[in-house]
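A.B. asks: Just dropping this structure here.
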Amino acid sequence: MDILASQYQINTKPMFRLDNINVFKLLGAGSFSQVYLAQNTQTNQLVAIRSIKKFNQQNIEYLNRIKKKDKIDKFGCSKMLGLINNKYMAMQLHGPSLLKRIEECGPLSEKETLQFVIRTATTLDWLQNVCKLAHGDLSPMNFVFDTIDDYPHNLSNVRLIDFDSLKPWDYVEEKSFGTFVCASPENNEGKPYQYRANDAFAFGKVINFCATGRRNLTSQNKGLCSETISKIIGFLTAYNPEKRASYRIIINIASNRINEI
């Protein structure tokens, strides 16, 4: 606890308190929520607290599909620890975000990118085929290093966070949602879109950001990453949603290449 507190530079006085949770500092903020560093005063465990919109019973049921799985650690999802006043989500505390890694250190190497691809494709495949869900808002902010010690080069243990937008993988959404710079064309054009197809496209955009440091997909980016990475990005970001590759195909392509490096 003391080592973690030192690494996270916790002040002695909390900003505010939620039930038995002392909230110390803001870790990050997006368009619709904030994430705070906090401590459970009953267990002394450091946790992350995320502000959320109100959850309904369906949201909770989706979260429990992930939480109850014994192999959650293997499959790279951060575990929800509980809801507070139906306005905050307590989560496992992890290391910095993928966004911070790219901003601070630049693009990933080919091997690091492939480590990220294999880990994340495995996570998304598990969500789809075991939990029957898709994430709904993949972005560089929603991937974090498992621990502070993994930062900045161990991409094989990244975690997927922020599950308040979970839906069945084949659910068709009829309104735009998610992070605009990563969302699929059909999402950004205001057309109905399938959740899984939107996740696949967003995954490709995140990989592009990892490998090039650029958020947009352009022909100029191809020279900034390997042929294999370009191929993976292309398979995931096909304009036709029905032609976007399965996660298992992506895992096979990335695994074959990383074994050659």
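Here's how to read the names in the structure tokens: chain A, B, ... by the order shown, residue numbers from 1 in each chain, ligand numbers from 1 in the order shown.
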Wanna dump the segment 68-160 of chain A-segment 51-54 of chain A contacts at 8 Å for me, each residue with its shortest atom pair and the distance in Å to one decimal, counting only C-alpha atoms, ordered by chain and number, as a tab-separated table?
C.D. replies:
residue	atom	partner	partner_atom	distance
A:Asn86	CA	A:Lys54	CA	5.5
A:Lys87	CA	A:Ile52	CA	5.3
A:Tyr88	CA	A:Ser51	CA	4.4
A:Met89	CA	A:Ser51	CA	6.4
A.B. asks: Export, as a tab-separated table (two decimals), in the first residue's frame, the selected residues with C-alpha atoms.
C.D. replies:
chain	number	residue	atom	x	y	z
A	86	ASN	CA	-25.48	4.22	-8.96
A	87	LYS	CA	-23.32	7.18	-10.08
A	88	TYR	CA	-19.78	5.86	-9.66
A	89	MET	CA	-18.10	2.60	-10.67
A.B. asks: Can you tell me which residues surround segment 163-175 of chain A at a distance of at most 9 Å, considering only C-alpha atoms, apart from same-chain residues fewer than 5 positions away, and format the answer as a PyMOL selection string?
C.D. replies: chain A and resi 52-53+55+59-60+62-63+80+127-129+131-137+187+190-197+199
A.B. asks: In Å, rounded to a single decimal, give me how far atom CA of Phe180 of chain A is from atom CA of Phe209 of chain A.
C.D. replies: 14.0 Å
A.B. asks: How would you write, as a PyMOL selection string, the set of residues in segment 103-254 of chain A that DSSP gives as helix (DSSP H, G or I)?
C.D. replies: chain A and resi 103-105+110-129+140-142+148-150+155-157+185-188+195-212+219-224+227-236+241-243+247-254
A.B. asks: For the residues selected in the previous step, produce a file with C-alpha atoms as a short mmCIF file (atom, residue, chain, number, x, y, z; two decimals), in the first residue's frame.
C.D. replies:
data_model
loop_
_atom_site.label_atom_id
_atom_site.label_comp_id
_atom_site.auth_asym_id
_atom_site.auth_seq_id
_atom_site.Cartn_x
_atom_site.Cartn_y
_atom_site.Cartn_z
CA GLU A 103 1.74 10.85 -26.20
CA GLU A 104 4.74 10.49 -23.89
CA CYS A 105 6.89 7.93 -25.72
CA GLU A 110 6.21 -3.54 -34.40
CA LYS A 111 6.65 -6.17 -31.67
CA GLU A 112 4.89 -4.01 -29.07
CA THR A 113 2.04 -3.33 -31.49
CA LEU A 114 1.66 -7.05 -32.19
CA GLN A 115 1.64 -7.79 -28.44
CA PHE A 116 -1.18 -5.27 -28.07
CA VAL A 117 -3.04 -6.73 -31.06
CA ILE A 118 -2.88 -10.31 -29.77
CA ARG A 119 -3.90 -9.36 -26.23
CA THR A 120 -6.78 -7.12 -27.33
CA ALA A 121 -8.09 -9.40 -30.07
CA THR A 122 -8.14 -12.21 -27.49
CA THR A 123 -10.11 -9.99 -25.11
CA LEU A 124 -12.63 -8.92 -27.75
CA ASP A 125 -13.05 -12.48 -29.02
CA TRP A 126 -13.74 -13.66 -25.44
CA LEU A 127 -16.26 -10.88 -24.91
CA GLN A 128 -18.05 -11.77 -28.14
CA ASN A 129 -18.02 -15.57 -28.07
CA PRO A 140 -6.76 4.67 -26.67
CA MET A 141 -8.12 6.02 -23.37
CA ASN A 142 -9.93 2.77 -22.61
CA ILE A 148 2.59 0.77 -13.23
CA ASP A 149 5.55 -1.60 -13.62
CA ASP A 150 4.32 -2.67 -17.11
CA LEU A 155 1.91 -4.44 -24.06
CA SER A 156 1.14 -8.13 -23.50
CA ASN A 157 -0.82 -7.38 -20.31
CA PRO A 185 -18.09 5.33 -40.71
CA GLU A 186 -21.68 4.11 -40.34
CA ASN A 187 -21.68 5.28 -36.69
CA ASN A 188 -20.28 8.72 -37.51
CA TYR A 195 -21.98 -3.20 -32.15
CA ARG A 196 -19.38 -5.82 -33.06
CA ALA A 197 -18.64 -4.25 -36.46
CA ASN A 198 -18.19 -0.87 -34.81
CA ASP A 199 -15.78 -2.40 -32.25
CA ALA A 200 -13.75 -4.03 -35.03
CA PHE A 201 -13.34 -0.72 -36.86
CA ALA A 202 -12.44 1.11 -33.65
CA PHE A 203 -9.88 -1.60 -32.83
CA GLY A 204 -8.26 -0.98 -36.21
CA LYS A 205 -8.13 2.76 -35.53
CA VAL A 206 -6.52 2.16 -32.12
CA ILE A 207 -3.89 -0.11 -33.73
CA ASN A 208 -3.19 2.60 -36.31
CA PHE A 209 -2.68 5.11 -33.48
CA CYS A 210 -0.34 2.69 -31.68
CA ALA A 211 1.79 2.05 -34.76
CA THR A 212 1.89 5.54 -36.29
CA SER A 219 -2.44 6.44 -47.24
CA GLN A 220 0.54 8.33 -45.79
CA ASN A 221 0.38 6.20 -42.63
CA LYS A 222 1.23 2.97 -44.47
CA GLY A 223 4.93 3.77 -44.62
CA LEU A 224 5.00 4.33 -40.86
CA GLU A 227 3.29 -4.60 -43.87
CA THR A 228 1.67 -6.97 -41.36
CA ILE A 229 0.34 -4.14 -39.19
CA SER A 230 -1.02 -2.35 -42.28
CA LYS A 231 -2.73 -5.58 -43.33
CA ILE A 232 -4.35 -6.02 -39.90
CA ILE A 233 -5.57 -2.41 -39.87
CA GLY A 234 -7.01 -2.82 -43.36
CA PHE A 235 -8.84 -6.04 -42.46
CA LEU A 236 -10.46 -4.39 -39.43
CA PRO A 241 -19.00 -3.76 -42.05
CA GLU A 242 -19.61 -7.33 -43.25
CA LYS A 243 -16.03 -7.60 -44.54
CA TYR A 247 -10.71 -11.38 -34.08
CA ARG A 248 -9.44 -14.94 -34.47
CA ILE A 249 -8.12 -14.17 -37.95
CA ILE A 250 -6.35 -11.13 -36.52
CA ILE A 251 -4.83 -13.23 -33.72
CA ASN A 252 -3.48 -15.74 -36.27
CA ILE A 253 -1.93 -13.05 -38.46
CA ALA A 254 -0.30 -11.27 -35.52
#
A.B. asks: Select, from A:Leu83, A:Leu108, A:Gln34, A:Asn22, the residue with the minimum atom-to-atom distance to Asn56 of chain A, counting only C-alpha atoms.
C.D. replies: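 The shortest atom-to-atom distance to Asn56 of chain A comes from A:Leu83.
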A.B. asks: Considering only C-alpha atoms, can you say which of A:Val181, A:Ile102, A:Cys77, A:Leu37 comes closest to Ala90 of chain A?
C.D. replies: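 Of A:Val181, A:Ile102, A:Cys77, A:Leu37, the one nearest Ala90 of chain A is A:Leu37, counting only C-alpha atoms.
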A.B. asks: Can you pull out every residue from segment 20-256 of chain A that DSSP, working from the backbone, puts in strand (DSSP E or B), and format the result as a PyMOL selection string?
C.D. replies: chain A and resi 21-29+34-40+46-51+77+80-84+88-92+97+133-134+143-144+159-160+167-168+172-173+193-194
A.B. asks: Between atom CA of Glu61 of chain A and atom CA of Gly95 of chain A, what distance in Å does the model show, to one decimal?
C.D. replies: 26.9 Å
A.B. asks: Mind giving me the straight-line distance from atom CA of Pro152 of chain A to atom CA of Ser78 of chain A in Å, one decimal?
C.D. replies: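 For atom CA of Pro152 of chain A relative to atom CA of Ser78 of chain A, the distance reads 18.5 Å.
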A.B. asks: I need the residue nearest Gln39 of chain A from this list: A:Ser109, A:Thr12, A:Thr179, A:Asn256. Use only C-alpha atoms for the distance.
C.D. replies: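 Closest to Gln39 of chain A, using only C-alpha atoms: A:Thr12.
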A.B. asks: Pick out the closest residue to Tyr151 of chain A from this set: A:Ser184, A:Gln92, A:Ser176, A:Ser97. Count only C-alpha atoms.
C.D. replies: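 For Tyr151 of chain A, the nearest of the given residues is A:Ser97.
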A.B. asks: Using only C-alpha atoms, which of the listed residues (A:Asp146, A:Ile21, A:Asp162, A:Gly213) sits closest to Asn44 of chain A?
C.D. replies: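 Of A:Asp146, A:Ile21, A:Asp162, A:Gly213, the one nearest Asn44 of chain A, counting only C-alpha atoms, is A:Ile21.
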